Structure formats: structure tokens, C-alpha cells
$ cat structure_37.pdb   # PDB, C-alpha atoms
MODEL        1
ATOM      1  CA  MET A   1      16.659  21.362   5.026
ATOM      2  CA  LYS A   2      13.140  20.295   5.874
ATOM      3  CA  PHE A   3      12.683  17.339   8.162
ATOM      4  CA  GLY A   4       9.754  15.378   9.561
ATOM      5  CA  VAL A   5       9.271  12.394  11.877
ATOM      6  CA  VAL A   6       6.836   9.606  11.055
ATOM      7  CA  ILE A   7       5.832   6.054  11.843
ATOM      8  CA  PHE A   8       5.396   3.829   8.802
ATOM      9  CA  PRO A   9       2.826   1.165   9.648
ATOM     10  CA  SER A  10       3.154  -2.416   8.343
ATOM     11  CA  LYS A  11       3.119  -3.182   4.621
ATOM     12  CA  LYS A  12      -0.382  -4.608   5.063
ATOM     13  CA  LEU A  13      -1.791  -1.366   6.460
ATOM     14  CA  GLN A  14       0.159   0.757   3.965
ATOM     15  CA  ASP A  15      -1.313  -1.243   1.088
ATOM     16  CA  VAL A  16      -4.830  -0.649   2.453
ATOM     17  CA  ALA A  17      -4.159   3.071   2.918
ATOM     18  CA  ASN A  18      -2.694   3.365  -0.588
ATOM     19  CA  SER A  19      -5.776   1.772  -2.132
ATOM     20  CA  TYR A  20      -7.607   4.957  -1.059
ATOM     21  CA  ARG A  21      -4.720   7.429  -1.337
ATOM     22  CA  LYS A  22      -4.153   6.585  -4.990
ATOM     23  CA  ARG A  23      -7.474   8.233  -5.797
ATOM     24  CA  TYR A  24      -7.945  10.696  -2.955
ATOM     25  CA  ASP A  25      -4.542  11.913  -1.745
ATOM     26  CA  PRO A  26      -2.361  14.166  -3.927
ATOM     27  CA  HIS A  27       0.587  13.306  -1.644
ATOM     28  CA  TYR A  28       0.322   9.675  -2.761
ATOM     29  CA  ALA A  29       3.535   9.834  -4.807
ATOM     30  CA  LEU A  30       5.508  11.915  -2.297
ATOM     31  CA  ILE A  31       5.603   9.645   0.745
ATOM     32  CA  SER A  32       4.419   6.204   1.877
ATOM     33  CA  PRO A  33       1.376   6.021   4.187
ATOM     34  CA  HIS A  34       2.404   7.221   7.620
ATOM     35  CA  LEU A  35       1.473   8.502  11.052
ATOM     36  CA  THR A  36       3.141  11.882  11.543
ATOM     37  CA  ILE A  37       4.597  12.376  15.003
ATOM     38  CA  LYS A  38       6.455  15.596  14.213
ATOM     39  CA  GLU A  39       5.368  17.966  11.467
ATOM     40  CA  VAL A  40       7.832  19.464   9.004
ATOM     41  CA  PHE A  41      10.587  21.519  10.673
ATOM     42  CA  GLU A  42      13.747  23.233   9.504
ATOM     43  CA  ALA A  43      17.195  22.091  10.621
ATOM     44  CA  SER A  44      20.665  22.737   9.245
ATOM     45  CA  GLU A  45      23.320  20.085   8.577
ATOM     46  CA  GLU A  46      25.033  21.337  11.745
ATOM     47  CA  GLU A  47      21.911  20.903  13.881
ATOM     48  CA  LEU A  48      21.225  17.451  12.460
ATOM     49  CA  LYS A  49      23.519  15.657  14.878
ATOM     50  CA  ASP A  50      21.739  17.165  17.899
ATOM     51  CA  VAL A  51      18.362  16.408  16.352
ATOM     52  CA  THR A  52      19.229  12.738  15.843
ATOM     53  CA  SER A  53      20.653  12.474  19.388
ATOM     54  CA  ALA A  54      17.435  13.944  20.816
ATOM     55  CA  LEU A  55      15.307  11.585  18.724
ATOM     56  CA  ALA A  56      17.424   8.590  19.732
ATOM     57  CA  LEU A  57      16.878   9.468  23.392
ATOM     58  CA  ALA A  58      13.129   9.922  22.846
ATOM     59  CA  ALA A  59      13.016   6.507  21.154
ATOM     60  CA  LYS A  60      14.979   4.848  23.918
ATOM     61  CA  GLU A  61      12.648   6.216  26.564
ATOM     62  CA  THR A  62       9.423   5.161  24.819
ATOM     63  CA  ASN A  63       8.202   1.572  24.904
ATOM     64  CA  PRO A  64       6.948  -0.236  21.796
ATOM     65  CA  PHE A  65       3.163   0.013  21.642
ATOM     66  CA  ASP A  66       0.059  -1.239  19.858
ATOM     67  CA  LEU A  67      -1.275   0.774  16.969
ATOM     68  CA  THR A  68      -5.033   0.223  16.877
ATOM     69  CA  ILE A  69      -7.434   1.423  14.204
ATOM     70  CA  ARG A  70     -11.175   1.116  14.672
ATOM     71  CA  LYS A  71     -12.637   3.645  12.284
ATOM     72  CA  VAL A  72     -12.291   6.191   9.538
ATOM     73  CA  SER A  73     -12.667   9.797  10.594
ATOM     74  CA  SER A  74     -12.376  13.305   9.119
ATOM     75  CA  PHE A  75     -11.053  16.752  10.061
ATOM     76  CA  SER A  76     -13.974  18.352   8.208
ATOM     77  CA  PRO A  77     -15.210  21.096   8.412
ATOM     78  CA  VAL A  78     -11.776  22.493   9.390
ATOM     79  CA  ASN A  79     -10.043  20.469   6.680
ATOM     80  CA  ASN A  80     -11.375  18.008   4.130
ATOM     81  CA  VAL A  81      -8.964  15.358   5.304
ATOM     82  CA  VAL A  82     -10.099  11.738   5.695
ATOM     83  CA  TYR A  83      -7.980   9.446   7.836
ATOM     84  CA  LEU A  84      -7.648   6.152   9.633
ATOM     85  CA  LYS A  85      -8.052   7.177  13.250
ATOM     86  CA  VAL A  86      -5.284   5.750  15.437
ATOM     87  CA  GLU A  87      -6.460   5.108  18.994
ATOM     88  CA  PRO A  88      -4.464   7.258  21.436
ATOM     89  CA  THR A  89      -2.127   5.418  23.802
ATOM     90  CA  ASP A  90       0.057   6.694  26.627
ATOM     91  CA  GLU A  91       3.209   5.643  24.764
ATOM     92  CA  LEU A  92       2.202   7.457  21.581
ATOM     93  CA  GLN A  93       1.398  10.636  23.519
ATOM     94  CA  HIS A  94       4.655  10.286  25.436
ATOM     95  CA  LEU A  95       6.571   9.931  22.187
ATOM     96  CA  TYR A  96       4.802  12.949  20.703
ATOM     97  CA  ASP A  97       5.601  15.022  23.804
ATOM     98  CA  ARG A  98       9.237  13.943  23.714
ATOM     99  CA  VAL A  99       9.724  14.937  20.079
ATOM    100  CA  HIS A 100       8.250  18.374  20.861
ATOM    101  CA  SER A 101      10.322  19.242  23.922
ATOM    102  CA  GLY A 102      13.850  20.458  24.644
ATOM    103  CA  MET A 103      15.742  21.164  21.437
ATOM    104  CA  LEU A 104      12.878  19.580  19.470
ATOM    105  CA  ASP A 105      10.408  22.207  20.720
ATOM    106  CA  GLN A 106       8.116  23.374  17.924
ATOM    107  CA  GLU A 107       5.043  25.578  17.533
ATOM    108  CA  VAL A 108       2.184  23.380  16.334
ATOM    109  CA  PRO A 109      -1.163  24.788  15.255
ATOM    110  CA  TYR A 110      -3.199  21.688  16.175
ATOM    111  CA  SER A 111      -3.382  19.343  19.132
ATOM    112  CA  PHE A 112      -2.136  15.787  18.520
ATOM    113  CA  VAL A 113      -4.740  13.579  16.856
ATOM    114  CA  PRO A 114      -2.912  10.411  15.809
ATOM    115  CA  HIS A 115      -3.978   9.502  12.292
ATOM    116  CA  ILE A 116      -2.983   8.016   8.951
ATOM    117  CA  THR A 117      -4.234  10.264   6.149
ATOM    118  CA  ILE A 118      -5.958   8.480   3.262
ATOM    119  CA  GLY A 119      -7.571  11.492   1.546
ATOM    120  CA  GLN A 120      -6.826  15.224   1.482
ATOM    121  CA  LYS A 121      -7.305  18.408  -0.549
ATOM    122  CA  LEU A 122     -10.748  17.063  -1.452
ATOM    123  CA  SER A 123     -13.612  19.169  -2.719
ATOM    124  CA  ASP A 124     -16.686  19.115  -0.474
ATOM    125  CA  ASP A 125     -18.349  16.673  -2.869
ATOM    126  CA  GLU A 126     -15.344  14.354  -3.042
ATOM    127  CA  HIS A 127     -15.066  14.498   0.726
ATOM    128  CA  LEU A 128     -18.712  13.585   1.226
ATOM    129  CA  ASP A 129     -18.430  10.746  -1.313
ATOM    130  CA  MET A 130     -15.311   9.260   0.195
ATOM    131  CA  TYR A 131     -16.321   9.682   3.796
ATOM    132  CA  SER A 132     -19.832   8.271   3.461
ATOM    133  CA  GLN A 133     -18.516   5.352   1.392
ATOM    134  CA  LEU A 134     -15.911   4.522   4.028
ATOM    135  CA  GLN A 135     -18.413   4.516   6.874
ATOM    136  CA  LEU A 136     -19.547   1.158   5.463
ATOM    137  CA  VAL A 137     -16.077  -0.397   5.469
ATOM    138  CA  ASP A 138     -14.574  -2.289   8.403
ATOM    139  CA  VAL A 139     -11.062  -0.895   8.788
ATOM    140  CA  SER A 140     -10.310  -2.521  12.165
ATOM    141  CA  HIS A 141      -6.640  -3.273  12.473
ATOM    142  CA  GLU A 142      -4.045  -3.796  15.167
ATOM    143  CA  GLU A 143      -0.282  -4.059  15.013
ATOM    144  CA  LYS A 144       2.875  -3.431  17.019
ATOM    145  CA  VAL A 145       4.980  -0.289  16.540
ATOM    146  CA  ASP A 146       8.666  -0.623  17.449
ATOM    147  CA  ARG A 147      10.316   2.143  15.397
ATOM    148  CA  PHE A 148       9.990   5.548  13.791
ATOM    149  CA  HIS A 149      11.890   7.431  11.095
ATOM    150  CA  LEU A 150      13.460  10.833  10.538
ATOM    151  CA  LEU A 151      12.906  12.000   6.949
ATOM    152  CA  TYR A 152      14.025  14.937   4.846
ATOM    153  CA  GLN A 153      12.312  16.491   1.895
ATOM    154  CA  LEU A 154      13.814  16.758  -1.585
ATOM    155  CA  GLU A 155      13.226  19.719  -3.885
ATOM    156  CA  ASN A 156      10.542  17.787  -5.782
ATOM    157  CA  GLY A 157       8.497  17.370  -2.583
ATOM    158  CA  THR A 158       9.271  13.676  -2.007
ATOM    159  CA  TRP A 159      10.636  12.418   1.294
ATOM    160  CA  THR A 160      13.724  10.277   1.891
ATOM    161  CA  VAL A 161      14.494   8.452   5.139
ATOM    162  CA  TYR A 162      17.572   9.689   6.956
ATOM    163  CA  GLU A 163      17.437   7.380   9.937
ATOM    164  CA  THR A 164      15.454   4.745  11.838
ATOM    165  CA  PHE A 165      14.979   4.905  15.605
ATOM    166  CA  HIS A 166      14.008   1.854  17.641
ATOM    167  CA  LEU A 167      11.604   2.209  20.552
ATOM    168  CA  GLY A 168      12.824   0.980  23.897
ATOM    169  CA  GLY A 169      16.398   1.489  22.707
ATOM    170  CA  LYS A 170      16.617  -1.910  21.037
TER     171      LYS A 170
ATOM    172  CA  MET B   1       7.714  -9.597   0.934
ATOM    173  CA  LYS B   2      10.161  -8.013  -1.438
ATOM    174  CA  PHE B   3      13.193  -6.280   0.012
ATOM    175  CA  GLY B   4      16.149  -4.343  -1.332
ATOM    176  CA  VAL B   5      19.215  -2.614   0.114
ATOM    177  CA  VAL B   6      20.288   0.828  -1.055
ATOM    178  CA  ILE B   7      22.406   3.857  -0.239
ATOM    179  CA  PHE B   8      20.575   7.168  -0.498
ATOM    180  CA  PRO B   9      23.117   9.855  -1.393
ATOM    181  CA  SER B  10      22.880  13.380   0.049
ATOM    182  CA  LYS B  11      19.878  15.606  -0.652
ATOM    183  CA  LYS B  12      22.082  17.648  -2.978
ATOM    184  CA  LEU B  13      22.944  14.694  -5.192
ATOM    185  CA  GLN B  14      19.380  13.336  -5.048
ATOM    186  CA  ASP B  15      18.049  16.685  -6.254
ATOM    187  CA  VAL B  16      20.478  16.615  -9.187
ATOM    188  CA  ALA B  17      19.549  13.022 -10.048
ATOM    189  CA  ASN B  18      15.823  13.814  -9.823
ATOM    190  CA  SER B  19      16.187  16.711 -12.253
ATOM    191  CA  TYR B  20      16.937  14.026 -14.891
ATOM    192  CA  ARG B  21      14.822  11.201 -13.487
ATOM    193  CA  LYS B  22      11.672  13.293 -13.611
ATOM    194  CA  ARG B  23      11.843  13.150 -17.381
ATOM    195  CA  TYR B  24      13.806   9.974 -18.076
ATOM    196  CA  ASP B  25      13.123   7.462 -15.322
ATOM    197  CA  PRO B  26       9.696   5.806 -14.943
ATOM    198  CA  HIS B  27      10.736   4.748 -11.416
ATOM    199  CA  TYR B  28      10.920   8.419 -10.426
ATOM    200  CA  ALA B  29       7.801   8.222  -8.250
ATOM    201  CA  LEU B  30       8.587   4.807  -6.746
ATOM    202  CA  ILE B  31      11.840   5.474  -4.893
ATOM    203  CA  SER B  32      14.285   8.294  -4.190
ATOM    204  CA  PRO B  33      17.571   8.364  -6.144
ATOM    205  CA  HIS B  34      19.789   5.587  -4.822
ATOM    206  CA  LEU B  35      22.776   3.315  -5.253
ATOM    207  CA  THR B  36      21.554  -0.293  -5.100
ATOM    208  CA  ILE B  37      23.837  -2.565  -3.114
ATOM    209  CA  LYS B  38      21.473  -5.537  -3.065
ATOM    210  CA  GLU B  39      18.829  -6.112  -5.719
ATOM    211  CA  VAL B  40      15.272  -7.085  -4.856
ATOM    212  CA  PHE B  41      15.019 -10.346  -2.879
ATOM    213  CA  GLU B  42      12.233 -12.238  -1.176
ATOM    214  CA  ALA B  43      12.135 -12.713   2.596
ATOM    215  CA  SER B  44       9.350 -13.700   4.968
ATOM    216  CA  GLU B  45       8.448 -11.886   8.202
ATOM    217  CA  GLU B  46      10.153 -14.771  10.011
ATOM    218  CA  GLU B  47      13.394 -14.403   8.060
ATOM    219  CA  LEU B  48      13.439 -10.640   8.530
ATOM    220  CA  LYS B  49      15.124 -10.766  11.910
ATOM    221  CA  ASP B  50      18.028 -12.818  10.550
ATOM    222  CA  VAL B  51      18.280 -10.561   7.510
ATOM    223  CA  THR B  52      18.539  -7.423   9.657
ATOM    224  CA  SER B  53      21.121  -9.088  11.944
ATOM    225  CA  ALA B  54      23.233 -10.031   8.937
ATOM    226  CA  LEU B  55      22.957  -6.508   7.497
ATOM    227  CA  ALA B  56      23.840  -4.964  10.864
ATOM    228  CA  LEU B  57      26.989  -7.095  11.001
ATOM    229  CA  ALA B  58      27.896  -6.181   7.395
ATOM    230  CA  ALA B  59      27.452  -2.489   8.285
ATOM    231  CA  LYS B  60      29.534  -2.781  11.419
ATOM    232  CA  GLU B  61      32.378  -4.405   9.529
ATOM    233  CA  THR B  62      32.460  -1.837   6.710
ATOM    234  CA  ASN B  63      34.078   1.561   7.168
ATOM    235  CA  PRO B  64      32.396   4.776   6.015
ATOM    236  CA  PHE B  65      33.715   5.711   2.579
ATOM    237  CA  ASP B  66      33.781   8.434  -0.055
ATOM    238  CA  LEU B  67      31.253   8.299  -2.842
ATOM    239  CA  THR B  68      32.835   9.887  -5.893
ATOM    240  CA  ILE B  69      31.150  10.654  -9.188
ATOM    241  CA  ARG B  70      33.160  11.811 -12.177
ATOM    242  CA  LYS B  71      30.950  11.026 -15.146
ATOM    243  CA  VAL B  72      27.696   9.900 -16.641
ATOM    244  CA  SER B  73      27.729   6.441 -18.181
ATOM    245  CA  SER B  74      25.329   3.964 -19.793
ATOM    246  CA  PHE B  75      24.607   0.219 -19.837
ATOM    247  CA  SER B  76      23.727   0.475 -23.538
ATOM    248  CA  PRO B  77      23.614  -1.623 -25.704
ATOM    249  CA  VAL B  78      22.678  -4.228 -23.046
ATOM    250  CA  ASN B  79      20.201  -1.855 -21.410
ATOM    251  CA  ASN B  80      19.233   1.706 -22.217
ATOM    252  CA  VAL B  81      20.037   2.811 -18.693
ATOM    253  CA  VAL B  82      21.881   6.088 -18.077
ATOM    254  CA  TYR B  83      23.543   6.561 -14.710
ATOM    255  CA  LEU B  84      25.917   8.556 -12.569
ATOM    256  CA  LYS B  85      28.927   6.271 -12.385
ATOM    257  CA  VAL B  86      30.120   5.787  -8.815
ATOM    258  CA  GLU B  87      33.862   5.187  -8.626
ATOM    259  CA  PRO B  88      34.560   1.736  -7.137
ATOM    260  CA  THR B  89      36.200   1.658  -3.713
ATOM    261  CA  ASP B  90      37.395  -1.243  -1.599
ATOM    262  CA  GLU B  91      34.809  -0.452   1.075
ATOM    263  CA  LEU B  92      31.926  -0.399  -1.383
ATOM    264  CA  GLN B  93      33.028  -3.708  -2.911
ATOM    265  CA  HIS B  94      33.478  -5.145   0.569
ATOM    266  CA  LEU B  95      29.979  -4.029   1.518
ATOM    267  CA  TYR B  96      28.550  -5.510  -1.670
ATOM    268  CA  ASP B  97      30.309  -8.815  -1.018
ATOM    269  CA  ARG B  98      29.080  -8.896   2.568
ATOM    270  CA  VAL B  99      25.428  -8.376   1.606
ATOM    271  CA  HIS B 100      25.720 -11.234  -0.898
ATOM    272  CA  SER B 101      27.283 -13.849   1.337
ATOM    273  CA  GLY B 102      26.146 -16.204   4.088
ATOM    274  CA  MET B 103      22.386 -16.032   4.590
ATOM    275  CA  LEU B 104      22.303 -13.011   2.244
ATOM    276  CA  ASP B 105      23.620 -15.076  -0.658
ATOM    277  CA  GLN B 106      21.786 -14.273  -3.884
ATOM    278  CA  GLU B 107      22.056 -15.127  -7.577
ATOM    279  CA  VAL B 108      22.807 -11.915  -9.458
ATOM    280  CA  PRO B 109      22.839 -11.705 -13.242
ATOM    281  CA  TYR B 110      25.354  -8.842 -13.468
ATOM    282  CA  SER B 111      28.651  -8.010 -11.841
ATOM    283  CA  PHE B 112      28.645  -5.046  -9.450
ATOM    284  CA  VAL B 113      28.873  -1.702 -11.242
ATOM    285  CA  PRO B 114      28.142   0.952  -8.604
ATOM    286  CA  HIS B 115      25.772   3.510 -10.080
ATOM    287  CA  ILE B 116      22.897   5.899  -9.494
ATOM    288  CA  THR B 117      20.326   5.490 -12.248
ATOM    289  CA  ILE B 118      19.028   8.723 -13.771
ATOM    290  CA  GLY B 119      17.337   7.317 -16.878
ATOM    291  CA  GLN B 120      15.902   3.910 -17.810
ATOM    292  CA  LYS B 121      13.403   2.172 -20.093
ATOM    293  CA  LEU B 122      14.420   4.675 -22.757
ATOM    294  CA  SER B 123      13.874   4.216 -26.466
ATOM    295  CA  ASP B 124      17.068   4.212 -28.538
ATOM    296  CA  ASP B 125      16.371   7.815 -29.567
ATOM    297  CA  GLU B 126      15.686   9.003 -26.042
ATOM    298  CA  HIS B 127      18.798   7.219 -24.856
ATOM    299  CA  LEU B 128      20.951   8.855 -27.506
ATOM    300  CA  ASP B 129      19.454  12.281 -26.739
ATOM    301  CA  MET B 130      19.941  12.032 -23.011
ATOM    302  CA  TYR B 131      23.363  10.453 -23.120
ATOM    303  CA  SER B 132      24.893  12.807 -25.649
ATOM    304  CA  GLN B 133      23.390  15.819 -23.850
ATOM    305  CA  LEU B 134      24.872  14.681 -20.537
ATOM    306  CA  GLN B 135      28.361  14.207 -21.958
ATOM    307  CA  LEU B 136      28.532  18.005 -21.893
ATOM    308  CA  VAL B 137      27.593  18.356 -18.235
ATOM    309  CA  ASP B 138      30.070  18.338 -15.367
ATOM    310  CA  VAL B 139      28.568  15.965 -12.807
ATOM    311  CA  SER B 140      31.669  15.721 -10.579
ATOM    312  CA  HIS B 141      30.674  15.183  -7.002
ATOM    313  CA  GLU B 142      32.109  13.762  -3.812
ATOM    314  CA  GLU B 143      30.529  12.987  -0.476
ATOM    315  CA  LYS B 144      30.803  10.696   2.528
ATOM    316  CA  VAL B 145      28.640   7.581   2.922
ATOM    317  CA  ASP B 146      28.032   6.439   6.487
ATOM    318  CA  ARG B 147      24.786   4.439   6.242
ATOM    319  CA  PHE B 148      22.545   2.282   4.085
ATOM    320  CA  HIS B 149      18.910   1.244   4.248
ATOM    321  CA  LEU B 150      16.809  -1.912   4.040
ATOM    322  CA  LEU B 151      13.583  -1.238   2.117
ATOM    323  CA  TYR B 152      10.453  -3.209   1.304
ATOM    324  CA  GLN B 153       8.138  -2.836  -1.640
ATOM    325  CA  LEU B 154       4.438  -2.044  -1.367
ATOM    326  CA  GLU B 155       1.832  -3.469  -3.735
ATOM    327  CA  ASN B 156       1.830  -0.231  -5.759
ATOM    328  CA  GLY B 157       5.561  -0.628  -6.500
ATOM    329  CA  THR B 158       6.803   2.098  -4.125
ATOM    330  CA  TRP B 159       9.481   1.405  -1.540
ATOM    331  CA  THR B 160       9.355   2.108   2.200
ATOM    332  CA  VAL B 161      12.394   2.110   4.493
ATOM    333  CA  TYR B 162      12.378  -0.607   7.129
ATOM    334  CA  GLU B 163      15.681   0.167   8.776
ATOM    335  CA  THR B 164      18.876   2.222   8.665
ATOM    336  CA  PHE B 165      22.304   0.632   9.179
ATOM    337  CA  HIS B 166      25.342   2.697  10.159
ATOM    338  CA  LEU B 167      28.726   1.854   8.683
ATOM    339  CA  GLY B 168      31.491   1.166  11.173
ATOM    340  CA  GLY B 169      28.842   0.215  13.713
ATOM    341  CA  LYS B 170      28.332   3.787  14.879
TER     342      LYS B 170
ENDMDL
END

$ encode --input "structure_37.pdb" --output "C-alpha cells"
Amino acid sequence: MKFGVVIFPSKKLQDVANSYRKRYDPHYALISPHLTIKEVFEASEEELKDVTSALALAAKETNPFDLTIRKVSSFSPVNNVVYLKVEPTDELQHLYDRVHSGMLDQEVPYSFVPHITIGQKLSDDEHLDMYSQLQLVDVSHEEKVDRFHLLYQLENGTWTVYETFHLGGK
Amino acid sequence: MKFGVVIFPSKKLQDVANSYRKRYDPHYALISPHLTIKEVFEASEEELKDVTSALALAAKETNPFDLTIRKVSSFSPVNNVVYLKVEPTDELQHLYDRVHSGMLDQEVPYSFVPHITIGQKLSDDEHLDMYSQLQLVDVSHEEKVDRFHLLYQLENGTWTVYETFHLGGK
């Protein structure tokens, strides 16, 4: 089975993100707006118990933190992906490191740039449109993160939550 | 905010349910296949803490149980809803009662018929088609349930998981 680990931001921020995703993100119907902290990985039913134990420990040993957004950014020209840039924090980096070490070790092609995708698989024109439009919008936002989720993917591409993990072990 | 409480069955059963939902259920893109144990209810951010405490206690005091499906059924003529009928168990009824008592008390128009919807908002013809077709299919299935989830609804109608609760307090 395919798994992934994400933070779902507050309803408020998800609603904002969806207002753009509806038009610009073909993954709109597959998963709620999220900050990915561990990209898709394979695990068997048998491995699942060890995976959840490792994630529970990572959660316990990471403090809740502030998620701050100040601007919209883009991975262009590498990828025509537009996103809400999440300001890096020590806790977020720590969490990322923890869910990529030990039994959770994973080859990742990119370095960690915390973000919430609001547009992807855009043509160059669509990308330019969306990105230039969004430069004029104030997307400043701040909220507390106290949890993350382990998800698995169904055959139709949608994601279902398997479990919630609370930061700081609460 | 609008909340609901559901059990997500295994990936295997969700994939089966989605193979029908894709065609017959307009809620296909809004939520993964599920067994509703508490219909949509309103709660404020302030009430959320008490709601989660009450759900945690209900989870702790309910044992994991077997989810057994033997047949496809329908709420017609009241509603053109086709579903995988989940065999009632004491634990499931106990869980249902617990999430409808105390601070979780809620007016509900129907009695509890455990089910996983695979078709709804069907015309009479569609309903007849789907239902008669499915009488020929063996949908027998059994699995263990050890958790349920509290979800909230976004403005676009989709549902995001807020928290997982483990039965038996594990």
C-alpha cells in the first residue's frame, strides 16, 4: 500500500487554498489542502505497525509549532507548481528529519521546502496567469500546528486517513 | 463548524465500494467510503475540546469488533440509497449509543442501520438497475474495526479528518 504523511492546516486556511485549487490543481478532488512532510512511500500491512510506532515517537519528540504564511511562491521553472510558502521553523525541520530517519528513511529527490500546493500541472500560460495574479493578494496567515496524519491511497487516487499523531505526545 | 464521526473500512473494502460509488454516488469526491456512526453536527472551536474528550472516552469504553458484510440492501422506498449492509453487533450499537449520549446527544431522524453507502440520489430507474444488478454479486466481507475518526467539513463540501480514536483505548 502507498502511504504519505501530511499536516492538514485549519479549515480556514484549507478553504482559502481550495478557492485556488478548484481551478488550478487537478489533485483538488483527491486530498484536502495539506503540507506534505513525507512523500508517498510503500509499506506492507506487516510493516504498518512499525511505521506507526516510529511516527508516534517522532510526534512525541516534536513540539507544537506556528505555521506562518507570508507569500505565494512557485517551483517554476523546475515545476509549474504554485504554493503557499510555509516559513521554515526548527520544529518543522526536526519533524521532517525524524520522519526520514531510522526505519522511515527514504530517498527524496528534493530538499524540504515546506509548502501548501494551490496549483500544479499548469501550462506555462496558466502558471504565469495564476502566479502574477496572486502576487497582488495578501495571503498572510498564522496558526498553531499540534498534529499530523498518516494517510493511505485508494485505487482511485484519493487518500484516506489511517491515523492522527499529536505533537508533544499529547 | 460541521463535524461528523465515521469508520473508514479497510482499503480493500473502500476500493470495492468506490467501484460502485464512482458511478452511483454524487458524494464520491467528497469523502472516502465510510460507515457513519454520528451524522453531521455543529460544534464551535470552543466545544471541540469537550467533543474530542467525549469521543476518546467512548472509544476507550468500546472493544474492537468485527465488521461483517453479507449483502447489498436499500433504503428504498424512503430513500433511493443502496448500501453494503453491515451486520449489527453489540459493540457497534454500544459505540453508536455512546456517541449520542451526554454532551454528544443529538436528535436523529432515523434509527441506527449500520451501512456503507455505495449509491445515492438515484432516480427510480437508476436505483432499480443498480440494486437488481447487485443482487447477483457476492459482497461477503469481514474485517476488524479498531478505530474511528472525527471529521470536519470544508466549504466545498469535502471532509477532512481532525482526529483518530482507537477502540479499547489502545

$ resolve_selection --input "structure_37.pdb" --expression "the PyMOL selection byres ((chain A) within 10 of (chain B))" --output "NGL selection string"
:A and (1 or 8-12 or 14-16 or 18-19 or 22 or 28-33 or 147-149 or 152-156 or 158-166)

$ write_last_selection --input "structure_37.pdb" --atoms "C-alpha atoms" --output "compact mmCIF listing (two decimals), in the frame of the given file"
# COMPACT_ATOMS: atom_id res chain seq x y z
CA MET A 1 16.66 21.36 5.03
CA PHE A 8 5.40 3.83 8.80
CA PRO A 9 2.83 1.16 9.65
CA SER A 10 3.15 -2.42 8.34
CA LYS A 11 3.12 -3.18 4.62
CA LYS A 12 -0.38 -4.61 5.06
CA GLN A 14 0.16 0.76 3.96
CA ASP A 15 -1.31 -1.24 1.09
CA VAL A 16 -4.83 -0.65 2.45
CA ASN A 18 -2.69 3.36 -0.59
CA SER A 19 -5.78 1.77 -2.13
CA LYS A 22 -4.15 6.58 -4.99
CA TYR A 28 0.32 9.68 -2.76
CA ALA A 29 3.54 9.83 -4.81
CA LEU A 30 5.51 11.92 -2.30
CA ILE A 31 5.60 9.64 0.74
CA SER A 32 4.42 6.20 1.88
CA PRO A 33 1.38 6.02 4.19
CA ARG A 147 10.32 2.14 15.40
CA PHE A 148 9.99 5.55 13.79
CA HIS A 149 11.89 7.43 11.10
CA TYR A 152 14.02 14.94 4.85
CA GLN A 153 12.31 16.49 1.90
CA LEU A 154 13.81 16.76 -1.58
CA GLU A 155 13.23 19.72 -3.88
CA ASN A 156 10.54 17.79 -5.78
CA THR A 158 9.27 13.68 -2.01
CA TRP A 159 10.64 12.42 1.29
CA THR A 160 13.72 10.28 1.89
CA VAL A 161 14.49 8.45 5.14
CA TYR A 162 17.57 9.69 6.96
CA GLU A 163 17.44 7.38 9.94
CA THR A 164 15.45 4.74 11.84
CA PHE A 165 14.98 4.90 15.60
CA HIS A 166 14.01 1.85 17.64

$ residues_around --input "structure_37.pdb" --residues "range 106-118 of chain B" --least-positions-apart "3" --cutoff "10 Å" --atoms "only C-alpha atoms" --output "JSON, numbers by chain"
{"B": [7, 8, 9, 13, 14, 16, 17, 18, 19, 20, 21, 22, 23, 24, 25, 26, 27, 28, 33, 34, 35, 36, 37, 38, 39, 40, 41, 67, 69, 72, 73, 74, 75, 81, 82, 83, 84, 85, 86, 87, 88, 89, 92, 93, 96, 97, 99, 100, 101, 102, 103, 130]}

$ atom_distance --input "structure_37.pdb" --atom1 "CA of His141 in chain A" --atom2 "CA of Gly4 in chain B"
26.7 Å

$ atom_distance --input "structure_37.pdb" --atom1 "CA of Leu150 in chain A" --atom2 "CA of Val5 in chain A"
4.7 Å
